[in-house]
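Structure file start_0.txt (compact mmCIF, C-alpha atoms) is printed below.
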```txt
# COMPACT_ATOMS: atom_id res chain seq x y z
CA MET O 1 41.48 130.06 170.98
CA LYS O 2 37.74 130.08 170.36
CA VAL O 3 37.20 133.00 168.01
CA PRO O 4 39.81 132.20 165.33
CA VAL O 5 38.46 128.66 164.93
CA VAL O 6 34.90 129.87 164.61
CA GLU O 7 36.03 132.38 162.00
CA ARG O 8 37.66 129.60 160.03
CA ILE O 9 34.46 127.55 160.08
CA MET O 10 32.48 130.59 158.99
CA ARG O 11 34.86 131.21 156.11
CA ALA O 12 34.67 127.58 154.97
CA ASN O 13 30.89 127.91 155.04
CA ASP O 14 31.04 131.06 152.91
CA VAL O 15 33.10 129.25 150.24
CA LEU O 16 30.49 126.48 150.10
CA ALA O 17 27.67 129.05 150.10
CA ASP O 18 29.20 130.63 146.98
CA GLU O 19 29.30 127.19 145.33
CA VAL O 20 25.62 126.66 146.18
CA ARG O 21 24.74 130.11 144.82
CA GLN O 22 26.66 129.38 141.60
CA THR O 23 24.84 126.03 141.10
CA LEU O 24 21.48 127.70 141.67
CA ARG O 25 22.30 130.55 139.28
CA GLU O 26 23.43 128.16 136.54
CA ASN O 27 20.11 126.37 136.81
CA GLY O 28 18.02 129.54 137.02
CA ILE O 29 16.71 128.69 140.49
CA VAL O 30 15.66 131.26 143.10
CA ALA O 31 16.24 129.94 146.64
CA LEU O 32 14.47 131.37 149.68
CA ASN O 33 15.89 130.58 153.14
CA ILE O 34 12.81 130.31 155.40
CA MET O 35 13.71 130.89 159.05
CA GLY O 36 11.72 131.29 162.27
CA ALA O 37 11.16 130.03 165.80
CA PRO O 38 9.85 126.49 166.41
CA GLY O 39 6.14 126.39 165.60
CA SER O 40 6.01 129.78 163.86
CA GLY O 41 4.45 128.11 160.81
CA LYS O 42 7.30 127.78 158.31
CA THR O 43 6.04 124.50 156.85
CA SER O 44 2.45 125.75 156.72
CA LEU O 45 3.56 128.87 154.88
CA ILE O 46 5.47 126.80 152.33
CA GLU O 47 2.44 124.50 151.87
CA GLN O 48 0.05 127.40 151.34
CA THR O 49 2.46 129.18 149.01
CA ILE O 50 3.10 126.14 146.82
CA ALA O 51 -0.67 125.60 146.51
CA ARG O 52 -0.98 129.14 145.07
CA LEU O 53 2.06 129.37 142.80
CA GLY O 54 0.48 127.87 139.67
CA GLU O 55 2.98 127.34 136.87
CA THR O 56 6.13 127.79 138.98
CA THR O 57 8.09 124.56 139.48
CA VAL O 58 9.00 124.32 143.15
CA ALA O 59 11.12 122.08 145.37
CA VAL O 60 11.79 122.09 149.10
CA ILE O 61 14.79 121.30 151.28
CA GLU O 62 13.55 120.55 154.79
CA GLY O 63 15.94 121.20 157.67
CA ASP O 64 15.24 119.59 161.04
CA ILE O 65 17.19 118.29 163.98
CA ALA O 66 15.27 115.00 163.72
CA THR O 67 12.26 113.32 162.02
CA THR O 68 10.82 113.62 158.51
CA LEU O 69 7.47 114.99 159.77
CA ASP O 70 7.65 118.20 157.74
CA ALA O 71 9.06 116.54 154.62
CA ASP O 72 6.23 113.99 154.74
CA ARG O 73 3.68 116.84 154.87
CA LEU O 74 5.25 118.61 151.90
CA SER O 75 5.78 115.55 149.72
CA LYS O 76 1.98 115.18 149.61
CA LEU O 77 1.94 118.30 147.45
CA GLY O 78 3.71 116.43 144.67
CA VAL O 79 6.92 118.47 144.75
CA GLN O 80 10.51 117.31 145.15
CA VAL O 81 11.45 117.31 148.84
CA VAL O 82 14.82 116.48 150.37
CA GLN O 83 15.12 116.18 154.14
CA ILE O 84 18.25 117.27 155.99
CA ASN O 85 18.47 115.95 159.55
CA THR O 86 21.16 117.98 161.27
CA GLY O 87 21.48 115.48 164.14
CA GLY O 88 21.93 118.15 166.74
CA SER O 89 23.02 121.26 164.87
CA CYS O 90 20.83 124.29 165.49
CA HIS O 91 20.98 125.64 161.91
CA LEU O 92 21.58 124.56 158.33
CA ASP O 93 24.94 125.31 156.77
CA ALA O 94 25.98 125.59 153.14
CA GLY O 95 27.64 122.17 153.08
CA MET O 96 24.35 120.50 154.05
CA VAL O 97 22.49 122.40 151.32
CA LYS O 98 25.16 121.43 148.76
CA MET O 99 24.67 117.74 149.67
CA ALA O 100 20.90 118.08 149.38
CA LEU O 101 21.15 119.75 145.95
CA ALA O 102 23.27 116.82 144.72
CA GLN O 103 20.22 114.61 145.26
CA MET O 104 17.77 116.83 143.36
CA LYS O 105 16.77 117.28 139.72
CA LEU O 106 17.64 120.93 139.26
CA SER O 107 17.19 121.54 135.54
CA THR O 108 13.42 122.06 135.62
CA LEU O 109 13.21 124.03 138.87
CA ASP O 110 12.23 127.70 139.23
CA LEU O 111 12.02 128.08 142.99
CA LEU O 112 13.55 126.34 145.99
CA PHE O 113 12.30 126.78 149.54
CA ILE O 114 14.94 125.90 152.12
CA GLU O 115 13.23 125.52 155.50
CA ASN O 116 15.82 126.09 158.20
CA VAL O 117 15.86 124.58 161.70
CA GLY O 118 13.34 126.25 164.05
CA ASN O 119 15.49 128.82 165.83
CA LEU O 120 15.45 132.64 166.05
CA VAL O 121 19.18 132.96 166.68
CA CYS O 122 21.72 130.72 164.99
CA PRO O 123 20.41 130.40 161.39
CA ALA O 124 20.82 134.15 160.91
CA GLU O 125 24.59 133.81 161.04
CA PHE O 126 25.02 131.22 158.29
CA ASP O 127 24.86 132.02 154.58
CA ILE O 128 23.50 128.90 152.87
CA GLY O 129 23.75 130.27 149.33
CA GLU O 130 20.16 131.55 149.27
CA TYR O 131 18.93 134.42 147.11
CA LYS O 132 16.77 135.96 149.84
CA LYS O 133 16.23 135.38 153.57
CA VAL O 134 12.66 135.24 154.90
CA LEU O 135 11.63 135.27 158.56
CA VAL O 136 8.36 133.77 159.77
CA SER O 137 7.27 135.20 163.12
CA SER O 138 3.90 134.41 164.69
CA VAL O 139 1.38 136.29 166.80
CA PRO O 140 1.43 134.01 169.88
CA GLU O 141 5.21 134.49 170.18
CA GLY O 142 4.52 138.10 171.18
CA HIS O 143 5.20 141.57 169.76
CA ASP O 144 8.53 141.90 171.59
CA LYS O 145 10.41 139.41 169.41
CA VAL O 146 11.82 142.04 167.03
CA GLN O 147 13.62 143.78 169.88
CA LYS O 148 14.71 140.58 171.61
CA TYR O 149 16.16 138.85 168.52
CA PRO O 150 17.48 141.85 166.60
CA LEU O 151 20.10 140.15 164.40
CA MET O 152 17.58 137.84 162.75
CA PHE O 153 15.08 140.64 162.07
CA ARG O 154 17.85 142.94 160.81
CA LEU O 155 19.29 140.51 158.26
CA VAL O 156 16.17 139.29 156.50
CA ASP O 157 14.70 140.46 153.20
CA ALA O 158 11.06 139.86 154.14
CA VAL O 159 9.07 139.18 157.31
CA VAL O 160 5.88 137.12 157.47
CA LEU O 161 3.78 137.58 160.61
CA ASN O 162 1.74 134.39 160.76
CA LYS O 163 -1.28 133.30 162.88
CA THR O 164 -3.10 136.64 162.72
CA ASP O 165 -6.27 134.62 163.37
CA LEU O 166 -5.09 134.34 167.01
CA MET O 167 -4.71 138.11 167.42
CA GLN O 168 -7.98 138.45 169.36
CA HIS O 169 -7.02 135.66 171.79
CA VAL O 170 -3.57 136.90 172.87
CA ASP O 171 -1.98 140.14 174.06
CA PHE O 172 -0.25 141.26 170.89
CA ASP O 173 0.39 144.93 170.08
CA LEU O 174 0.61 145.08 166.30
CA GLY O 175 1.68 148.73 166.41
CA VAL O 176 4.72 147.88 168.54
CA PHE O 177 5.65 144.95 166.27
CA ARG O 178 5.38 147.09 163.12
CA SER O 179 7.31 150.05 164.50
CA SER O 180 10.06 147.87 166.01
CA LEU O 181 10.52 146.22 162.64
CA THR O 182 10.66 149.54 160.80
CA ASP O 183 13.24 150.78 163.30
CA ILE O 184 15.52 147.79 162.85
CA ASN O 185 14.93 146.90 159.21
CA SER O 186 13.11 149.42 157.07
CA ARG O 187 13.70 147.62 153.78
CA ALA O 188 12.00 144.28 154.59
CA PRO O 189 8.32 144.14 153.58
CA LEU O 190 5.97 142.77 156.27
CA PHE O 191 3.19 140.35 155.33
CA GLU O 192 0.54 139.78 158.00
CA VAL O 193 -1.12 136.46 157.23
CA SER O 194 -2.89 133.45 158.65
CA CYS O 195 -1.83 130.16 157.11
CA LYS O 196 -4.70 128.47 158.94
CA THR O 197 -7.50 130.61 157.50
CA ALA O 198 -5.50 131.50 154.34
CA ASP O 199 -6.10 135.14 155.17
CA ASN O 200 -4.11 137.79 153.33
CA LEU O 201 -1.70 135.41 151.57
CA ASP O 202 -2.01 137.10 148.16
CA SER O 203 0.54 139.88 148.63
CA TRP O 204 3.07 137.41 150.09
CA VAL O 205 2.59 135.03 147.14
CA ALA O 206 2.96 137.98 144.76
CA TRP O 207 6.26 138.88 146.44
CA VAL O 208 7.53 135.29 146.05
CA ARG O 209 6.48 135.28 142.40
CA SER O 210 8.26 138.59 141.84
CA GLN O 211 11.50 137.06 143.14
CA VAL O 212 11.27 134.29 140.56
CA THR O 213 10.54 136.55 137.60
CA SER O 214 12.90 139.38 138.51
CA MET L 1 39.77 120.64 163.97
CA LYS L 2 36.23 121.53 164.97
CA VAL L 3 35.23 118.81 167.41
CA PRO L 4 38.24 118.83 169.77
CA VAL L 5 37.93 122.59 170.26
CA VAL L 6 34.22 122.39 171.01
CA GLU L 7 34.93 119.64 173.52
CA ARG L 8 37.46 121.85 175.26
CA ILE L 9 34.95 124.71 175.52
CA MET L 10 32.32 122.32 176.90
CA ARG L 11 34.75 121.05 179.51
CA ALA L 12 35.67 124.60 180.60
CA ASN L 13 31.94 125.28 180.95
CA ASP L 14 31.50 122.18 183.10
CA VAL L 15 34.22 123.35 185.50
CA LEU L 16 32.45 126.70 185.89
CA ALA L 17 29.09 124.94 186.25
CA ASP L 18 30.46 122.98 189.20
CA GLU L 19 31.65 126.25 190.76
CA VAL L 20 28.16 127.74 190.34
CA ARG L 21 26.58 124.61 191.83
CA GLN L 22 28.95 124.79 194.80
CA THR L 23 28.12 128.47 195.44
CA LEU L 24 24.40 127.74 195.27
CA ARG L 25 24.71 124.74 197.60
CA GLU L 26 26.71 126.72 200.16
CA ASN L 27 23.94 129.31 200.22
CA GLY L 28 21.10 126.79 200.28
CA ILE L 29 19.68 128.01 196.97
CA VAL L 30 17.75 125.83 194.52
CA ALA L 31 18.25 126.99 190.92
CA LEU L 32 15.85 126.11 188.10
CA ASN L 33 17.04 126.55 184.51
CA ILE L 34 13.92 127.64 182.59
CA MET L 35 14.24 126.91 178.87
CA GLY L 36 11.90 127.08 175.89
CA ALA L 37 11.31 128.49 172.41
CA PRO L 38 10.90 132.26 171.91
CA GLY L 39 7.46 133.29 173.10
CA SER L 40 6.63 130.04 174.88
CA GLY L 41 5.89 132.01 178.06
CA LYS L 42 8.97 131.55 180.23
CA THR L 43 8.76 135.03 181.77
CA SER L 44 5.01 134.75 182.31
CA LEU L 45 5.47 131.41 184.07
CA ILE L 46 8.11 132.90 186.36
CA GLU L 47 5.84 135.89 187.11
CA GLN L 48 2.85 133.69 187.93
CA THR L 49 4.96 131.33 190.04
CA ILE L 50 6.59 134.08 192.10
CA ALA L 51 3.15 135.55 192.79
CA ARG L 52 2.08 132.19 194.31
CA LEU L 53 5.17 131.17 196.26
CA GLY L 54 4.40 132.98 199.48
CA GLU L 55 7.24 132.81 202.02
CA THR L 56 9.91 131.58 199.60
CA THR L 57 12.58 134.20 198.83
CA VAL L 58 13.11 134.26 195.08
CA ALA L 59 15.50 135.90 192.61
CA VAL L 60 15.74 135.77 188.83
CA ILE L 61 18.59 135.79 186.33
CA GLU L 62 17.21 136.87 182.96
CA GLY L 63 19.05 135.69 179.85
CA ASP L 64 18.41 137.45 176.56
CA ILE L 65 20.32 138.24 173.40
CA ALA L 66 19.35 141.90 173.83
CA THR L 67 17.08 144.27 175.82
CA THR L 68 15.99 144.32 179.46
CA LEU L 69 12.29 143.89 178.59
CA ASP L 70 11.84 140.70 180.63
CA ALA L 71 13.95 141.89 183.57
CA ASP L 72 11.88 145.08 183.70
CA ARG L 73 8.70 143.01 183.89
CA LEU L 74 10.07 140.86 186.70
CA SER L 75 11.59 143.63 188.79
CA LYS L 76 8.05 144.98 189.28
CA LEU L 77 7.43 141.93 191.47
CA GLY L 78 9.92 143.27 194.02
CA VAL L 79 12.45 140.46 193.65
CA GLN L 80 16.17 140.66 192.84
CA VAL L 81 16.68 140.47 189.06
CA VAL L 82 19.94 140.42 187.16
CA GLN L 83 19.91 140.69 183.38
CA ILE L 84 22.45 138.85 181.23
CA ASN L 85 22.60 140.11 177.64
CA THR L 86 24.50 137.48 175.67
CA GLY L 87 25.14 139.85 172.77
CA GLY L 88 24.63 137.19 170.15
CA SER L 89 25.06 133.89 171.94
CA CYS L 90 22.11 131.53 171.60
CA HIS L 91 22.29 130.16 175.16
CA LEU L 92 23.52 130.98 178.65
CA ASP L 93 26.72 129.37 179.85
CA ALA L 94 28.03 128.76 183.36
CA GLY L 95 30.51 131.65 183.19
CA MET L 96 27.69 134.12 182.56
CA VAL L 97 25.71 132.74 185.50
CA LYS L 98 28.78 132.95 187.73
CA MET L 99 29.18 136.64 186.83
CA ALA L 100 25.49 137.28 187.54
CA LEU L 101 25.68 135.56 190.94
CA ALA L 102 28.58 137.83 191.89
CA GLN L 103 26.16 140.77 191.65
CA MET L 104 23.46 139.24 193.84
CA LYS L 105 22.76 138.99 197.56
CA LEU L 106 22.71 135.24 197.97
CA SER L 107 22.52 134.72 201.72
CA THR L 108 18.75 135.19 202.07
CA LEU L 109 17.69 133.39 198.88
CA ASP L 110 15.78 130.10 198.67
CA LEU L 111 15.06 129.84 194.99
CA LEU L 112 16.66 131.16 191.80
CA PHE L 113 14.96 131.11 188.41
CA ILE L 114 17.44 131.32 185.55
CA GLU L 115 15.56 132.17 182.36
CA ASN L 116 17.61 130.98 179.41
CA VAL L 117 17.66 132.49 175.89
CA GLY L 118 14.57 131.56 173.86
CA ASN L 119 15.79 128.55 171.90
CA LEU L 120 14.73 124.87 171.74
CA VAL L 121 18.16 123.61 170.72
CA CYS L 122 21.36 125.10 172.11
CA PRO L 123 20.56 125.70 175.82
CA ALA L 124 20.04 121.94 176.30
CA GLU L 125 23.74 121.30 175.76
CA PHE L 126 25.09 123.65 178.42
CA ASP L 127 25.14 122.88 182.12
CA ILE L 128 24.81 126.22 183.93
CA GLY L 129 25.08 124.77 187.44
CA GLU L 130 21.32 124.48 187.91
CA TYR L 131 19.62 121.99 190.23
CA LYS L 132 16.86 121.09 187.76
CA LYS L 133 16.08 121.86 184.11
CA VAL L 134 12.55 122.93 183.17
CA LEU L 135 11.18 123.21 179.63
CA VAL L 136 8.30 125.52 178.76
CA SER L 137 6.53 124.47 175.56
CA SER L 138 3.32 126.12 174.35
CA VAL L 139 0.21 124.97 172.56
CA PRO L 140 0.50 127.21 169.44
CA GLU L 141 3.98 125.78 168.76
CA GLY L 142 2.29 122.48 167.88
CA HIS L 143 2.20 118.95 169.26
CA ASP L 144 5.12 117.77 167.09
CA LYS L 145 7.80 119.67 169.03
CA VAL L 146 8.71 116.74 171.29
CA GLN L 147 9.68 114.62 168.30
CA LYS L 148 11.37 117.44 166.40
CA TYR L 149 13.54 118.71 169.29
CA PRO L 150 14.26 115.44 171.11
CA LEU L 151 17.43 116.38 172.98
CA MET L 152 15.77 119.23 174.88
CA PHE L 153 12.73 117.19 175.86
CA ARG L 154 14.93 114.22 176.86
CA LEU L 155 17.21 116.18 179.20
CA VAL L 156 14.71 118.13 181.27
CA ASP L 157 13.35 117.32 184.73
CA ALA L 158 9.91 118.85 184.17
CA VAL L 159 7.84 120.07 181.21
CA VAL L 160 5.30 122.89 181.36
CA LEU L 161 2.83 123.01 178.47
CA ASN L 162 1.67 126.63 178.48
CA LYS L 163 -1.16 128.49 176.69
CA THR L 164 -3.73 125.73 177.10
CA ASP L 165 -6.36 128.51 176.76
CA LEU L 166 -5.53 128.53 173.01
CA MET L 167 -6.17 124.78 172.60
CA GLN L 168 -9.61 125.33 171.04
CA HIS L 169 -8.23 127.80 168.48
CA VAL L 170 -5.35 125.76 167.05
CA ASP L 171 -4.79 122.22 165.74
CA PHE L 172 -3.07 120.66 168.72
CA ASP L 173 -3.33 116.94 169.51
CA LEU L 174 -2.77 116.68 173.25
CA GLY L 175 -2.67 112.88 173.07
CA VAL L 176 0.23 112.95 170.63
CA PHE L 177 2.12 115.50 172.74
CA ARG L 178 1.65 113.46 175.92
CA SER L 179 2.59 110.11 174.40
CA SER L 180 5.63 111.54 172.58
CA LEU L 181 6.85 112.98 175.86
CA THR L 182 6.32 109.70 177.72
CA ASP L 183 8.24 107.88 174.95
CA ILE L 184 11.23 110.19 175.13
CA ASN L 185 11.27 111.13 178.81
CA SER L 186 9.09 109.11 181.17
CA ARG L 187 10.50 110.66 184.36
CA ALA L 188 9.62 114.35 183.69
CA PRO L 189 6.25 115.41 185.07
CA LEU L 190 4.05 117.37 182.64
CA PHE L 191 2.12 120.44 183.83
CA GLU L 192 -0.57 121.69 181.44
CA VAL L 193 -1.23 125.33 182.33
CA SER L 194 -2.30 128.71 181.08
CA CYS L 195 -0.28 131.60 182.45
CA LYS L 196 -2.79 134.00 180.90
CA THR L 197 -5.89 132.63 182.66
CA ALA L 198 -3.85 131.21 185.60
CA ASP L 199 -5.47 127.85 184.89
CA ASN L 200 -4.03 124.76 186.55
CA LEU L 201 -0.93 126.42 188.01
CA ASP L 202 -1.28 124.81 191.45
CA SER L 203 0.39 121.47 190.75
CA TRP L 204 3.30 123.24 189.01
CA VAL L 205 3.77 125.60 191.96
CA ALA L 206 3.63 122.62 194.33
CA TRP L 207 6.38 120.92 192.30
CA VAL L 208 8.56 124.08 192.52
CA ARG L 209 7.96 124.30 196.27
CA SER L 210 8.87 120.63 196.69
CA GLN L 211 12.24 121.29 195.02
CA VAL L 212 13.01 124.00 197.58
CA THR L 213 12.03 121.97 200.62
CA SER L 214 13.49 118.63 199.50
```
Would you mind writing the file out in structure tokens?
Amino acid sequence: MKVPVVERIMRANDVLADEVRQTLRENGIVALNIMGAPGSGKTSLIEQTIARLGETTVAVIEGDIATTLDADRLSKLGVQVVQINTGGSCHLDAGMVKMALAQMKLSTLDLLFIENVGNLVCPAEFDIGEYKKVLVSSVPEGHDKVQKYPLMFRLVDAVVLNKTDLMQHVDFDLGVFRSSLTDINSRAPLFEVSCKTADNLDSWVAWVRSQVTS
Amino acid sequence: MKVPVVERIMRANDVLADEVRQTLRENGIVALNIMGAPGSGKTSLIEQTIARLGETTVAVIEGDIATTLDADRLSKLGVQVVQINTGGSCHLDAGMVKMALAQMKLSTLDLLFIENVGNLVCPAEFDIGEYKKVLVSSVPEGHDKVQKYPLMFRLVDAVVLNKTDLMQHVDFDLGVFRSSLTDINSRAPLFEVSCKTADNLDSWVAWVRSQVTS
């Protein structure tokens, strides 16, 4: 009995994801679904990116199981932020994003970051109507994460490897990480950055900007 | 339609969990369910603990979405290891553990580590027949994880904060982490360790040993 019901939920989600995508398209908004393990630095990446985007008008949907800690951080940047608390759900779904969009002023927006729940597994399986999927991985998680969580790394359009400032303090083989990623997903560009030291963020920000203007 | 079906699956899991618990009890085996985010150091903690346990006879069930990377690491320690690849599932369930136990020599075992899939959300909800639940968190994940993933921190019997050697290189407020944990779960002991430098592992190992002999 399990599989048919799950398929039905997935299909319902896909219908809602198409509605979200349509709303975003009508308003000329590019939405990036930012995924990654807990503590990989998703919120920090969004903060650093917004600070560098200049003229682009940005908003954020913050997905968390509980608390408004990340939304509070982001609202200090003077951008629209809507918090989704999933209660217990391990990922955002399109219905949640649709409800969040209903509370936002969309007409002036260029770019929407949707920060998913911290999780390397479940968010990969749910289309939330985004334009592109981005994965934030981080150096202290280890170089084996590409192989151990293949679906997530396979599905995304870009990978950000964060916390490169910790490279010298942990056992991380950058060659293994790079080659595993190329093996599993050769089309996703890899950006190796440190959100803490702001190192090497320029090419990532240029990629984000290119999504908005393309 | 969704909720009743999920409830039925959960109940089926609980029946299997009781069977697992019964099998373990009959064989005098203490099972610890080791959970934590990807890269928190679950495998490293198991490695370091096994190396310090002396006379205790240990085995490991390794849960991963894909690969045998962690099982390969652990089998070098000369202990029984069984790998469960969940395919895509974001957590172990009791049925998987039951199948793994069927492939193991149980009669001589004292202690079984069951390393769950790297995930701070889903594994909390599934009883796998363990005796105690242990959560491995790590310093680079940030001090806000207790508040952001409350169910996991609330349910566990012990918390290991790993990678304390990185404390000086990241923005981690140990006071906030400790007080958040006390607020949400006052009965779980907290062990602050570094599996890399082997710092402060003694009290954790003593706790594990006390579970076996109690």
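Distances to chain L were evaluated for O:Asp110, O:Asp93, O:Glu141, O:Asp165 using all atoms listed in the file, and the minimum falls at O:Glu141.
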Output the contact residues of chain O with respect to chain L at a cut-off of 8 Å, based on all atoms listed in the file, as a PyMOL selection string.
chain O and resi 2+5+9+37-40+64-67+88-90+118-122+140-142+145+147-151+166+169
At a cut-off of 9 Å, using all atoms listed in the file, what residues contact O:Val159? Leave out same-chain residues fewer than 6 positions from it and give the result as a short mmCIF file (atom, residue, chain, number, x, y, z; two decimals) with C-alpha atoms, in the coordinates of the input.
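Result saved to selection-v1.cif:
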```
data_model
loop_
_atom_site.label_atom_id
_atom_site.label_comp_id
_atom_site.auth_asym_id
_atom_site.auth_seq_id
_atom_site.Cartn_x
_atom_site.Cartn_y
_atom_site.Cartn_z
CA LYS O 133 16.23 135.38 153.57
CA VAL O 134 12.66 135.24 154.90
CA LEU O 135 11.63 135.27 158.56
CA VAL O 136 8.36 133.77 159.77
CA SER O 137 7.27 135.20 163.12
CA PHE O 153 15.08 140.64 162.07
CA LEU O 181 10.52 146.22 162.64
CA ALA O 188 12.00 144.28 154.59
CA PRO O 189 8.32 144.14 153.58
CA LEU O 190 5.97 142.77 156.27
CA PHE O 191 3.19 140.35 155.33
CA GLU O 192 0.54 139.78 158.00
#
```
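Atom CA of L:Arg178 lies 28.5 Å from atom CA of L:Gly129.
One distance worth recording is that between atom CA of O:Thr213 and atom CA of O:Ile61, which is 20.9 Å.
The spacing separating atom CA of L:Ser194 from atom CA of L:Leu45 amounts to 8.8 Å.
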